[in-house]
file target12.cif (mmCIF, C-alpha atoms and all ligand atoms)
data_model
loop_
_atom_site.group_PDB
_atom_site.id
_atom_site.type_symbol
_atom_site.label_atom_id
_atom_site.label_comp_id
_atom_site.auth_asym_id
_atom_site.auth_seq_id
_atom_site.Cartn_x
_atom_site.Cartn_y
_atom_site.Cartn_z
ATOM 1 C CA MET A 275 -0.349 15.694 22.071
ATOM 2 C CA SER A 276 2.478 13.226 22.653
ATOM 3 C CA LEU A 277 2.616 9.796 21.033
ATOM 4 C CA ASN A 278 5.927 8.988 22.687
ATOM 5 C CA GLY A 279 6.323 5.243 23.194
ATOM 6 C CA LYS A 280 3.510 4.422 20.750
ATOM 7 C CA VAL A 281 3.855 2.451 17.530
ATOM 8 C CA ALA A 282 1.771 3.088 14.405
ATOM 9 C CA ILE A 283 1.232 1.243 11.133
ATOM 10 C CA VAL A 284 0.110 3.455 8.236
ATOM 11 C CA THR A 285 -0.851 1.409 5.171
ATOM 12 C CA GLY A 286 -0.132 3.002 1.799
ATOM 13 C CA ALA A 287 2.257 5.541 3.306
ATOM 14 C CA SER A 288 4.688 5.824 0.378
ATOM 15 C CA ARG A 289 2.798 8.832 -1.024
ATOM 16 C CA GLY A 290 -0.344 10.948 -0.836
ATOM 17 C CA ILE A 291 -2.343 11.152 2.383
ATOM 18 C CA GLY A 292 -0.636 8.157 4.018
ATOM 19 C CA ARG A 293 2.808 9.744 3.606
ATOM 20 C CA GLN A 294 1.673 12.875 5.440
ATOM 21 C CA VAL A 295 -0.083 10.863 8.172
ATOM 22 C CA ALA A 296 3.131 8.879 8.773
ATOM 23 C CA ILE A 297 5.211 12.069 8.981
ATOM 24 C CA GLN A 298 2.815 13.807 11.384
ATOM 25 C CA LEU A 299 2.418 10.773 13.682
ATOM 26 C CA ALA A 300 6.214 10.524 13.824
ATOM 27 C CA GLN A 301 6.477 14.259 14.594
ATOM 28 C CA SER A 302 4.173 13.615 17.566
ATOM 29 C CA GLY A 303 6.556 10.927 18.817
ATOM 30 C CA ALA A 304 5.206 7.633 17.425
ATOM 31 C CA LYS A 305 7.445 5.040 15.825
ATOM 32 C CA VAL A 306 5.911 4.519 12.406
ATOM 33 C CA VAL A 307 5.731 1.637 9.946
ATOM 34 C CA VAL A 308 5.524 3.055 6.432
ATOM 35 C CA ASN A 309 3.695 0.350 4.470
ATOM 36 C CA TYR A 310 3.745 0.314 0.646
ATOM 37 C CA SER A 311 2.959 -2.184 -2.084
ATOM 38 C CA SER A 312 5.351 -1.389 -4.942
ATOM 39 C CA ASN A 313 7.015 1.983 -4.494
ATOM 40 C CA GLN A 314 10.023 1.175 -2.286
ATOM 41 C CA GLU A 315 11.977 4.270 -3.310
ATOM 42 C CA LYS A 316 9.156 6.565 -2.179
ATOM 43 C CA ALA A 317 8.600 4.613 1.037
ATOM 44 C CA ASP A 318 12.332 4.894 1.834
ATOM 45 C CA GLU A 319 12.127 8.647 1.187
ATOM 46 C CA VAL A 320 9.321 8.920 3.794
ATOM 47 C CA VAL A 321 11.429 6.969 6.302
ATOM 48 C CA ASN A 322 14.431 9.249 5.601
ATOM 49 C CA THR A 323 12.276 12.366 6.052
ATOM 50 C CA ILE A 324 11.086 11.064 9.433
ATOM 51 C CA GLU A 325 14.580 10.055 10.549
ATOM 52 C CA GLN A 326 16.081 13.400 9.524
ATOM 53 C CA SER A 327 13.620 15.107 11.899
ATOM 54 C CA GLY A 328 14.737 12.825 14.745
ATOM 55 C CA GLY A 329 11.887 10.292 14.423
ATOM 56 C CA GLU A 330 11.909 6.512 14.037
ATOM 57 C CA ALA A 331 10.341 4.639 11.122
ATOM 58 C CA ALA A 332 10.641 1.524 8.979
ATOM 59 C CA ALA A 333 9.376 0.810 5.466
ATOM 60 C CA ILE A 334 7.636 -2.572 5.200
ATOM 61 C CA ARG A 335 6.314 -3.918 1.899
ATOM 62 C CA ALA A 336 2.985 -5.738 1.950
ATOM 63 C CA ASP A 337 0.206 -5.970 -0.617
ATOM 64 C CA ILE A 338 -2.735 -5.561 1.740
ATOM 65 C CA SER A 339 -5.068 -7.379 -0.657
ATOM 66 C CA LYS A 340 -3.289 -10.617 0.398
ATOM 67 C CA VAL A 341 -4.067 -11.846 3.907
ATOM 68 C CA SER A 342 -0.678 -13.592 4.268
ATOM 69 C CA GLU A 343 1.086 -10.284 3.514
ATOM 70 C CA VAL A 344 -1.110 -8.394 6.016
ATOM 71 C CA GLU A 345 -0.157 -10.972 8.653
ATOM 72 C CA ALA A 346 3.532 -10.576 7.763
ATOM 73 C CA LEU A 347 3.213 -6.766 8.007
ATOM 74 C CA PHE A 348 1.983 -7.062 11.591
ATOM 75 C CA SER A 349 4.494 -9.709 12.658
ATOM 76 C CA GLU A 350 7.389 -7.682 11.199
ATOM 77 C CA THR A 351 6.092 -4.572 12.998
ATOM 78 C CA LEU A 352 5.994 -6.438 16.320
ATOM 79 C CA GLU A 353 9.465 -7.894 15.729
ATOM 80 C CA ARG A 354 10.865 -4.466 14.915
ATOM 81 C CA PHE A 355 9.080 -2.239 17.456
ATOM 82 C CA GLY A 356 7.605 -4.657 20.043
ATOM 83 C CA ARG A 357 4.034 -3.298 20.193
ATOM 84 C CA LEU A 358 1.209 -1.721 18.181
ATOM 85 C CA ASP A 359 -0.982 1.210 19.273
ATOM 86 C CA ILE A 360 -2.254 2.885 16.098
ATOM 87 C CA LEU A 361 -3.425 1.424 12.780
ATOM 88 C CA VAL A 362 -4.301 3.764 9.915
ATOM 89 C CA ASN A 363 -5.918 1.739 7.115
ATOM 90 C CA ASN A 364 -5.205 4.367 4.467
ATOM 91 C CA ALA A 365 -4.153 2.267 1.438
ATOM 92 C CA GLY A 366 -6.753 2.326 -1.289
ATOM 93 C CA ILE A 367 -7.322 2.577 -5.045
ATOM 94 C CA MET A 368 -9.736 4.656 -7.116
ATOM 95 C CA GLU A 369 -10.402 5.184 -10.806
ATOM 96 C CA CYS A 370 -13.516 6.645 -12.348
ATOM 97 C CA THR A 371 -15.249 3.957 -14.459
ATOM 98 C CA ALA A 372 -18.752 3.872 -15.905
ATOM 99 C CA ILE A 373 -20.703 0.731 -15.033
ATOM 100 C CA ALA A 374 -20.617 -0.431 -18.661
ATOM 101 C CA ASP A 375 -16.807 -0.601 -18.514
ATOM 102 C CA VAL A 376 -16.361 -2.217 -15.099
ATOM 103 C CA THR A 377 -14.851 -5.696 -15.414
ATOM 104 C CA GLU A 378 -15.047 -8.575 -12.959
ATOM 105 C CA GLU A 379 -11.276 -8.307 -12.416
ATOM 106 C CA MET A 380 -11.563 -4.592 -11.617
ATOM 107 C CA PHE A 381 -14.479 -5.156 -9.234
ATOM 108 C CA ASP A 382 -12.599 -7.910 -7.366
ATOM 109 C CA ARG A 383 -9.380 -5.854 -7.176
ATOM 110 C CA TYR A 384 -11.212 -2.856 -5.655
ATOM 111 C CA PHE A 385 -12.862 -4.985 -3.009
ATOM 112 C CA ALA A 386 -9.625 -6.904 -2.324
ATOM 113 C CA ILE A 387 -7.595 -3.749 -1.618
ATOM 114 C CA ASN A 388 -10.171 -1.336 -0.188
ATOM 115 C CA VAL A 389 -12.332 -3.747 1.833
ATOM 116 C CA LYS A 390 -10.516 -7.067 2.363
ATOM 117 C CA GLY A 391 -7.213 -5.285 3.110
ATOM 118 C CA THR A 392 -8.860 -3.060 5.719
ATOM 119 C CA TYR A 393 -10.827 -5.952 7.243
ATOM 120 C CA PHE A 394 -7.907 -8.320 7.729
ATOM 121 C CA ALA A 395 -5.678 -5.527 9.032
ATOM 122 C CA CYS A 396 -8.409 -4.948 11.660
ATOM 123 C CA GLN A 397 -8.326 -8.684 12.424
ATOM 124 C CA GLN A 398 -4.575 -8.448 13.038
ATOM 125 C CA ALA A 399 -5.162 -5.399 15.257
ATOM 126 C CA MET A 400 -7.681 -7.441 17.278
ATOM 127 C CA LYS A 401 -4.924 -10.001 17.869
ATOM 128 C CA HIS A 402 -1.967 -7.705 18.450
ATOM 129 C CA MET A 403 -2.971 -4.126 19.299
ATOM 130 C CA ALA A 404 -2.298 -2.838 22.819
ATOM 131 C CA LYS A 405 -5.103 -1.737 25.151
ATOM 132 C CA GLY A 406 -5.876 1.938 24.544
ATOM 133 C CA GLY A 407 -5.233 1.578 20.793
ATOM 134 C CA THR A 408 -6.779 3.477 17.871
ATOM 135 C CA ILE A 409 -7.813 2.316 14.401
ATOM 136 C CA VAL A 410 -8.655 4.766 11.618
ATOM 137 C CA ASN A 411 -10.214 3.405 8.427
ATOM 138 C CA PHE A 412 -10.743 5.308 5.176
ATOM 139 C CA SER A 413 -13.975 6.037 3.359
ATOM 140 C CA THR A 414 -14.753 8.928 0.982
ATOM 141 C CA SER A 415 -17.114 11.910 0.943
ATOM 142 C CA ILE A 416 -17.775 11.222 -2.746
ATOM 143 C CA SER A 417 -20.357 8.594 -1.704
ATOM 144 C CA GLY A 418 -22.662 11.353 -0.456
ATOM 145 C CA ALA A 419 -22.522 13.163 -3.816
ATOM 146 C CA MET A 420 -23.771 10.120 -5.788
ATOM 147 C CA LEU A 421 -21.639 11.081 -8.824
ATOM 148 C CA PRO A 422 -21.540 8.833 -11.899
ATOM 149 C CA THR A 423 -18.477 6.545 -12.514
ATOM 150 C CA TYR A 424 -17.764 6.110 -8.794
ATOM 151 C CA SER A 425 -20.083 3.140 -8.191
ATOM 152 C CA VAL A 426 -17.545 0.405 -7.405
ATOM 153 C CA TYR A 427 -15.236 2.697 -5.424
ATOM 154 C CA ALA A 428 -18.142 4.115 -3.393
ATOM 155 C CA ALA A 429 -19.468 0.592 -2.785
ATOM 156 C CA THR A 430 -16.110 -0.448 -1.303
ATOM 157 C CA LYS A 431 -16.089 2.591 0.965
ATOM 158 C CA GLY A 432 -19.690 1.952 2.037
ATOM 159 C CA ALA A 433 -18.514 -1.499 3.120
ATOM 160 C CA VAL A 434 -15.623 0.044 5.069
ATOM 161 C CA GLU A 435 -17.991 2.447 6.867
ATOM 162 C CA GLN A 436 -20.263 -0.445 7.836
ATOM 163 C CA LEU A 437 -17.472 -2.752 8.990
ATOM 164 C CA THR A 438 -16.169 0.136 11.108
ATOM 165 C CA ARG A 439 -19.580 0.475 12.808
ATOM 166 C CA GLN A 440 -19.888 -3.289 13.274
ATOM 167 C CA LEU A 441 -16.417 -3.715 14.754
ATOM 168 C CA ALA A 442 -16.670 -0.887 17.311
ATOM 169 C CA LYS A 443 -18.425 -3.139 19.820
ATOM 170 C CA GLU A 444 -15.937 -5.997 19.295
ATOM 171 C CA PHE A 445 -12.989 -3.657 19.873
ATOM 172 C CA GLY A 446 -14.597 -1.752 22.771
ATOM 173 C CA PRO A 447 -13.941 -4.449 25.413
ATOM 174 C CA LYS A 448 -10.237 -4.255 24.451
ATOM 175 C CA ASP A 449 -10.347 -0.466 24.968
ATOM 176 C CA ILE A 450 -9.632 0.096 21.276
ATOM 177 C CA VAL A 451 -11.485 2.780 19.321
ATOM 178 C CA ILE A 452 -12.198 2.402 15.596
ATOM 179 C CA ASN A 453 -13.441 5.164 13.320
ATOM 180 C CA CYS A 454 -13.526 6.070 9.684
ATOM 181 C CA ILE A 455 -12.337 9.269 8.005
ATOM 182 C CA ALA A 456 -14.155 10.238 4.791
ATOM 183 C CA PRO A 457 -12.039 12.817 2.934
ATOM 184 C CA GLY A 458 -13.364 15.060 0.206
ATOM 185 C CA GLN A 459 -11.178 15.830 -2.830
ATOM 186 C CA VAL A 460 -7.526 15.809 -1.772
ATOM 187 C CA SER A 461 -4.632 16.841 -3.976
ATOM 188 C CA THR A 462 -2.949 13.438 -4.502
ATOM 189 C CA GLU A 463 -2.246 11.174 -7.479
ATOM 190 C CA LEU A 464 -5.390 9.178 -6.693
ATOM 191 C CA PHE A 465 -7.620 12.225 -7.179
ATOM 192 C CA LEU A 466 -5.668 14.190 -9.828
ATOM 193 C CA ASN A 467 -4.804 11.351 -12.272
ATOM 194 C CA GLY A 468 -6.820 11.512 -15.481
ATOM 195 C CA LYS A 469 -8.790 14.673 -14.597
ATOM 196 C CA SER A 470 -8.787 17.852 -16.697
ATOM 197 C CA GLU A 471 -7.946 21.213 -15.062
ATOM 198 C CA GLU A 472 -11.549 22.248 -15.745
ATOM 199 C CA LEU A 473 -12.921 19.252 -13.851
ATOM 200 C CA ILE A 474 -10.495 19.800 -10.963
ATOM 201 C CA ASN A 475 -11.613 23.453 -10.790
ATOM 202 C CA SER A 476 -15.234 22.365 -10.628
ATOM 203 C CA TYR A 477 -14.374 20.205 -7.590
ATOM 204 C CA ARG A 478 -12.564 23.180 -6.016
ATOM 205 C CA ARG A 479 -15.823 25.145 -6.209
ATOM 206 C CA MET A 480 -17.856 22.392 -4.512
ATOM 207 C CA ASN A 481 -16.571 22.978 -0.972
ATOM 208 C CA ALA A 482 -16.804 25.977 1.347
ATOM 209 C CA PHE A 483 -13.243 27.212 0.745
ATOM 210 C CA GLY A 484 -12.773 26.991 -3.036
ATOM 211 C CA ARG A 485 -9.659 24.800 -2.865
ATOM 212 C CA LEU A 486 -8.744 21.117 -2.888
ATOM 213 C CA GLY A 487 -7.957 19.445 0.412
ATOM 214 C CA GLU A 488 -4.286 18.836 1.122
ATOM 215 C CA PRO A 489 -2.895 15.675 2.757
ATOM 216 C CA GLU A 490 -2.223 17.810 5.891
ATOM 217 C CA ASP A 491 -5.963 18.519 6.228
ATOM 218 C CA ILE A 492 -6.608 14.793 6.577
ATOM 219 C CA ALA A 493 -3.525 14.039 8.696
ATOM 220 C CA ASN A 494 -4.612 16.814 11.108
ATOM 221 C CA ALA A 495 -7.999 15.112 11.555
ATOM 222 C CA ILE A 496 -6.265 11.796 12.248
ATOM 223 C CA GLU A 497 -4.163 13.493 14.908
ATOM 224 C CA LEU A 498 -7.412 14.536 16.606
ATOM 225 C CA LEU A 499 -8.673 10.931 16.528
ATOM 226 C CA VAL A 500 -5.512 9.451 18.064
ATOM 227 C CA ASP A 501 -5.581 11.984 20.922
ATOM 228 C CA ASP A 502 -6.552 10.527 24.317
ATOM 229 C CA LYS A 503 -9.326 13.140 24.516
ATOM 230 C CA ALA A 504 -11.129 11.472 21.570
ATOM 231 C CA ARG A 505 -11.691 8.103 23.239
ATOM 232 C CA TRP A 506 -15.471 8.415 23.496
ATOM 233 C CA ILE A 507 -15.644 8.571 19.701
ATOM 234 C CA THR A 508 -15.915 5.098 18.169
ATOM 235 C CA GLY A 509 -17.788 3.433 15.307
ATOM 236 C CA GLN A 510 -18.194 6.792 13.544
ATOM 237 C CA THR A 511 -17.486 8.078 10.047
ATOM 238 C CA ILE A 512 -16.156 11.624 10.108
ATOM 239 C CA ARG A 513 -16.392 13.644 6.894
ATOM 240 C CA VAL A 514 -13.280 15.763 6.486
ATOM 241 C CA ASN A 515 -14.051 17.684 3.338
ATOM 242 C CA GLY A 516 -14.117 21.455 3.793
ATOM 243 C CA GLY A 517 -17.904 21.423 3.654
ATOM 244 C CA PHE A 518 -18.167 19.534 0.328
ATOM 245 C CA ASN A 519 -21.322 17.750 1.498
HETATM 246 N N1 LIG A 601 -7.251 11.774 -2.639
HETATM 247 C C1 LIG A 601 -8.538 11.904 -2.476
HETATM 248 O O1 LIG A 601 -9.174 12.817 -3.019
HETATM 249 C C2 LIG A 601 -9.299 10.956 -1.580
HETATM 250 C C3 LIG A 601 -10.639 11.242 -1.301
HETATM 251 C C4 LIG A 601 -11.360 10.388 -0.494
HETATM 252 C C5 LIG A 601 -10.764 9.262 0.041
HETATM 253 N N2 LIG A 601 -9.462 9.000 -0.241
HETATM 254 C C6 LIG A 601 -8.880 7.786 0.334
HETATM 255 O O2 LIG A 601 -7.687 8.130 0.993
HETATM 256 C C7 LIG A 601 -6.778 7.019 0.956
HETATM 257 C C8 LIG A 601 -5.428 7.482 0.444
HETATM 258 O O3 LIG A 601 -5.600 8.018 -0.856
HETATM 259 P P1 LIG A 601 -4.471 8.868 -1.602
HETATM 260 O O4 LIG A 601 -5.189 9.899 -2.360
HETATM 261 O O5 LIG A 601 -3.398 9.253 -0.677
HETATM 262 O O6 LIG A 601 -3.946 7.754 -2.630
HETATM 263 P P2 LIG A 601 -2.560 7.646 -3.474
HETATM 264 O O7 LIG A 601 -1.885 8.961 -3.522
HETATM 265 O O8 LIG A 601 -2.921 6.963 -4.745
HETATM 266 O O9 LIG A 601 -1.664 6.671 -2.569
HETATM 267 C C9 LIG A 601 -2.124 5.353 -2.396
HETATM 268 C C10 LIG A 601 -1.199 4.606 -1.454
HETATM 269 O O10 LIG A 601 -1.769 3.304 -1.260
HETATM 270 C C11 LIG A 601 -0.766 2.336 -1.507
HETATM 271 N N3 LIG A 601 -1.354 1.105 -2.010
HETATM 272 C C12 LIG A 601 -2.101 0.912 -3.132
HETATM 273 N N4 LIG A 601 -2.444 -0.385 -3.243
HETATM 274 C C13 LIG A 601 -1.893 -1.025 -2.174
HETATM 275 C C14 LIG A 601 -1.872 -2.356 -1.729
HETATM 276 N N5 LIG A 601 -2.478 -3.339 -2.435
HETATM 277 N N6 LIG A 601 -1.197 -2.667 -0.594
HETATM 278 C C15 LIG A 601 -0.559 -1.705 0.116
HETATM 279 N N7 LIG A 601 -0.545 -0.411 -0.257
HETATM 280 C C16 LIG A 601 -1.203 -0.078 -1.393
HETATM 281 C C17 LIG A 601 0.193 2.983 -2.490
HETATM 282 O O11 LIG A 601 1.461 2.311 -2.397
HETATM 283 P P3 LIG A 601 2.504 2.249 -3.650
HETATM 284 O O12 LIG A 601 3.040 3.629 -3.777
HETATM 285 O O13 LIG A 601 3.537 1.282 -3.233
HETATM 286 O O14 LIG A 601 1.710 1.818 -4.841
HETATM 287 C C18 LIG A 601 0.205 4.418 -1.973
HETATM 288 O O15 LIG A 601 1.114 4.541 -0.898
HETATM 289 C C19 LIG A 601 -7.461 5.955 0.085
HETATM 290 O O16 LIG A 601 -8.097 5.000 0.900
HETATM 291 C C20 LIG A 601 -8.492 6.759 -0.700
HETATM 292 O O17 LIG A 601 -9.589 5.967 -1.100
HETATM 293 C C21 LIG A 601 -8.720 9.814 -1.024
#

call {"tool": "encode", "arguments": {"input": "target12.cif", "output": "structure tokens"}}
result
Amino acid sequence: MSLNGKVAIVTGASRGIGRQVAIQLAQSGAKVVVNYSSNQEKADEVVNTIEQSGGEAAAIRADISKVSEVEALFSETLERFGRLDILVNNAGIMECTAIADVTEEMFDRYFAINVKGTYFACQQAMKHMAKGGTIVNFSTSISGAMLPTYSVYAATKGAVEQLTRQLAKEFGPKDIVINCIAPGQVSTELFLNGKSEELINSYRRMNAFGRLGEPEDIANAIELLVDDKARWITGQTIRVNGGFN
């Protein structure tokens, strides 16, 4: 697959899954915007990694929970690279919290980053993305397991799955496909933070291969979705979880 001449925005690409997605899209030839909210040093390191392999990338700061910053992210991308073909709405937050401990502030912050950020980035893509473009949103396979303490996080991802379905028919006439990836447990800060080794091992045993997913497992699936051969797939949520559920 060649993404030569294409331009991608990957939100939350300073670390974790987004970092690997940015690196792999650049390896396939895309020019990549490495979005981050606070971690400039790590975002710059991703850009350097891409440039050292002969790719082109730029780190652009934007808190995607703020619509004005989402708009600025897209206008800076267009100024820098002149077009937009791929949007990976990867940025997201997750902590395990029992319902009794969920605050209004926490609830609003989850929806602002995971749902509002994704939605208004899609709105910018509707305005600026080239014909033949691809959008990949992010859900989670944890929703299917109905585990305790994930209620707010899973609710945000349910909203993302539904907005992906709803938007497919608005993007179709522009020849843009939009899908959702729902990873299982992936070895990143988001998943590992605050979990005991025993708990992590129990998650390892829940899929078909007895290991955690790696960011590459998810980036590989995104490479399939941005391939021209995947253009009949739209409005879908694809569970990429090693058979977790
Ligand atoms: N890891 C898993 O097991 C797993 C499973 C299912 C789904 N997912 C989903 O996969 C996606 C990536 O997760 P991950 O595990 O790679 O997470 P991660 O390692 O915690 O990385 C999160 C990234 O999102 C960025 N970010 C956070 N808030 C932001 C905001 N307001 N604006 C812009 N960027 C923001 C962070 O930027 P800074 O570094 O600047 O803070 C960072 O680059 C998320 O949508 C998550 O829900 C992950």

call {"tool": "residues_around", "arguments": {"input": "target12.cif", "residues": "Gly407 (chain A)", "least_positions_apart": "4", "cutoff": "7 Å", "atoms": "only C-alpha atoms", "output": "ChimeraX atom specification"}}
result
/A:359-360,403,449-451

call {"tool": "write_last_selection", "arguments": {"input": "target12.cif", "atoms": "C-alpha atoms", "output": "PDB file, in the frame of the given file"}}
result
ATOM      1  CA  ASP A 359      -0.982   1.210  19.273  1.00  0.00           C
ATOM      2  CA  ILE A 360      -2.254   2.885  16.098  1.00  0.00           C
ATOM      3  CA  MET A 403      -2.971  -4.126  19.299  1.00  0.00           C
ATOM      4  CA  ASP A 449     -10.347  -0.466  24.968  1.00  0.00           C
ATOM      5  CA  ILE A 450      -9.632   0.096  21.276  1.00  0.00           C
ATOM      6  CA  VAL A 451     -11.485   2.780  19.321  1.00  0.00           C
TER       7      VAL A 451
END

call {"tool": "residues_near_ligand", "arguments": {"input": "target12.cif", "ligand": "ligand LIG 601 (chain A)", "cutoff": "6 Å", "atoms": "only C-alpha atoms and all ligand atoms", "output": "ChimeraX atom specification"}}
result
/A:285-292,310-313,336-339,364-367,387,412-414,456-465

call {"tool": "residues_near_point", "arguments": {"input": "target12.cif", "point": "(-18.3, -1.1, 15.2)", "cutoff": "10 Å", "atoms": "only C-alpha atoms", "output": "ChimeraX atom specification"}}
result
/A:435-446,451-453,508-510

call {"tool": "resolve_selection", "arguments": {"input": "target12.cif", "expression": "the PyMOL selection byres (((chain A and resi 519) around 10) and not hetatm)", "output": "JSON, numbers by chain"}}
result
{"A": [415, 416, 417, 418, 419, 458, 480, 481, 482, 513, 514, 515, 516, 517, 518]}

call {"tool": "closest_residue", "arguments": {"input": "target12.cif", "among": "A:Ala404, A:Val341, A:Ala399, A:Ile373", "to": "Gly356 (chain A)", "atoms": "all atoms listed in the file"}}
result
A:Ala404

call {"tool": "residues_around", "arguments": {"input": "target12.cif", "residues": "Leu352 (chain A)", "least_positions_apart": "5", "cutoff": "10 Å", "atoms": "all atoms listed in the file", "output": "mmCIF file with C-alpha atoms, in the coordinates of the input"}}
result
data_model
loop_
_atom_site.group_PDB
_atom_site.id
_atom_site.type_symbol
_atom_site.label_atom_id
_atom_site.label_comp_id
_atom_site.auth_asym_id
_atom_site.auth_seq_id
_atom_site.Cartn_x
_atom_site.Cartn_y
_atom_site.Cartn_z
ATOM 1 C CA VAL A 281 3.855 2.451 17.530
ATOM 2 C CA ALA A 346 3.532 -10.576 7.763
ATOM 3 C CA LEU A 347 3.213 -6.766 8.007
ATOM 4 C CA ARG A 357 4.034 -3.298 20.193
ATOM 5 C CA LEU A 358 1.209 -1.721 18.181
ATOM 6 C CA HIS A 402 -1.967 -7.705 18.450
ATOM 7 C CA MET A 403 -2.971 -4.126 19.299
#

call {"tool": "build_atoms", "arguments": {"input": "target12.cif", "residues": "region 333-355 of chain A", "atoms": "N, CA and C atoms", "output": "compact mmCIF listing (two decimals), in the frame of the given file"}}
result
# COMPACT_ATOMS: atom_id res chain seq x y z
N ALA A 333 10.22 1.10 6.63
CA ALA A 333 9.38 0.81 5.47
C ALA A 333 9.17 -0.70 5.39
N ILE A 334 7.91 -1.13 5.32
CA ILE A 334 7.64 -2.57 5.20
C ILE A 334 6.69 -2.79 4.03
N ARG A 335 7.14 -3.63 3.07
CA ARG A 335 6.31 -3.92 1.90
C ARG A 335 5.26 -4.96 2.22
N ALA A 336 4.04 -4.72 1.84
CA ALA A 336 2.98 -5.74 1.95
C ALA A 336 1.84 -5.30 1.05
N ASP A 337 1.42 -6.21 0.18
CA ASP A 337 0.21 -5.97 -0.62
C ASP A 337 -0.98 -6.32 0.29
N ILE A 338 -1.71 -5.31 0.72
CA ILE A 338 -2.74 -5.56 1.74
C ILE A 338 -3.94 -6.34 1.19
N SER A 339 -3.97 -6.57 -0.13
CA SER A 339 -5.07 -7.38 -0.66
C SER A 339 -4.82 -8.87 -0.39
N LYS A 340 -3.62 -9.21 0.12
CA LYS A 340 -3.29 -10.62 0.40
C LYS A 340 -3.17 -10.80 1.91
N VAL A 341 -4.01 -11.68 2.45
CA VAL A 341 -4.07 -11.85 3.91
C VAL A 341 -2.70 -12.26 4.47
N SER A 342 -1.99 -13.15 3.75
CA SER A 342 -0.68 -13.59 4.27
C SER A 342 0.28 -12.40 4.38
N GLU A 343 0.17 -11.44 3.46
CA GLU A 343 1.09 -10.28 3.51
C GLU A 343 0.67 -9.32 4.61
N VAL A 344 -0.64 -9.22 4.89
CA VAL A 344 -1.11 -8.39 6.02
C VAL A 344 -0.56 -8.99 7.32
N GLU A 345 -0.66 -10.31 7.43
CA GLU A 345 -0.16 -10.97 8.65
C GLU A 345 1.34 -10.72 8.82
N ALA A 346 2.08 -10.80 7.70
CA ALA A 346 3.53 -10.58 7.76
C ALA A 346 3.83 -9.13 8.15
N LEU A 347 3.02 -8.18 7.66
CA LEU A 347 3.21 -6.77 8.01
C LEU A 347 3.13 -6.57 9.52
N PHE A 348 2.15 -7.22 10.14
CA PHE A 348 1.98 -7.06 11.59
C PHE A 348 3.09 -7.79 12.35
N SER A 349 3.45 -9.00 11.90
CA SER A 349 4.49 -9.71 12.66
C SER A 349 5.84 -9.00 12.52
N GLU A 350 6.13 -8.44 11.35
CA GLU A 350 7.39 -7.68 11.20
C GLU A 350 7.38 -6.42 12.05
N THR A 351 6.20 -5.78 12.16
CA THR A 351 6.09 -4.57 13.00
C THR A 351 6.38 -4.92 14.45
N LEU A 352 5.80 -6.04 14.92
CA LEU A 352 5.99 -6.44 16.32
C LEU A 352 7.44 -6.83 16.58
N GLU A 353 8.05 -7.52 15.59
CA GLU A 353 9.46 -7.89 15.73
C GLU A 353 10.34 -6.65 15.84
N ARG A 354 10.02 -5.67 14.99
CA ARG A 354 10.86 -4.47 14.92
C ARG A 354 10.65 -3.53 16.10
N PHE A 355 9.37 -3.29 16.47
CA PHE A 355 9.08 -2.24 17.46
C PHE A 355 8.44 -2.75 18.76
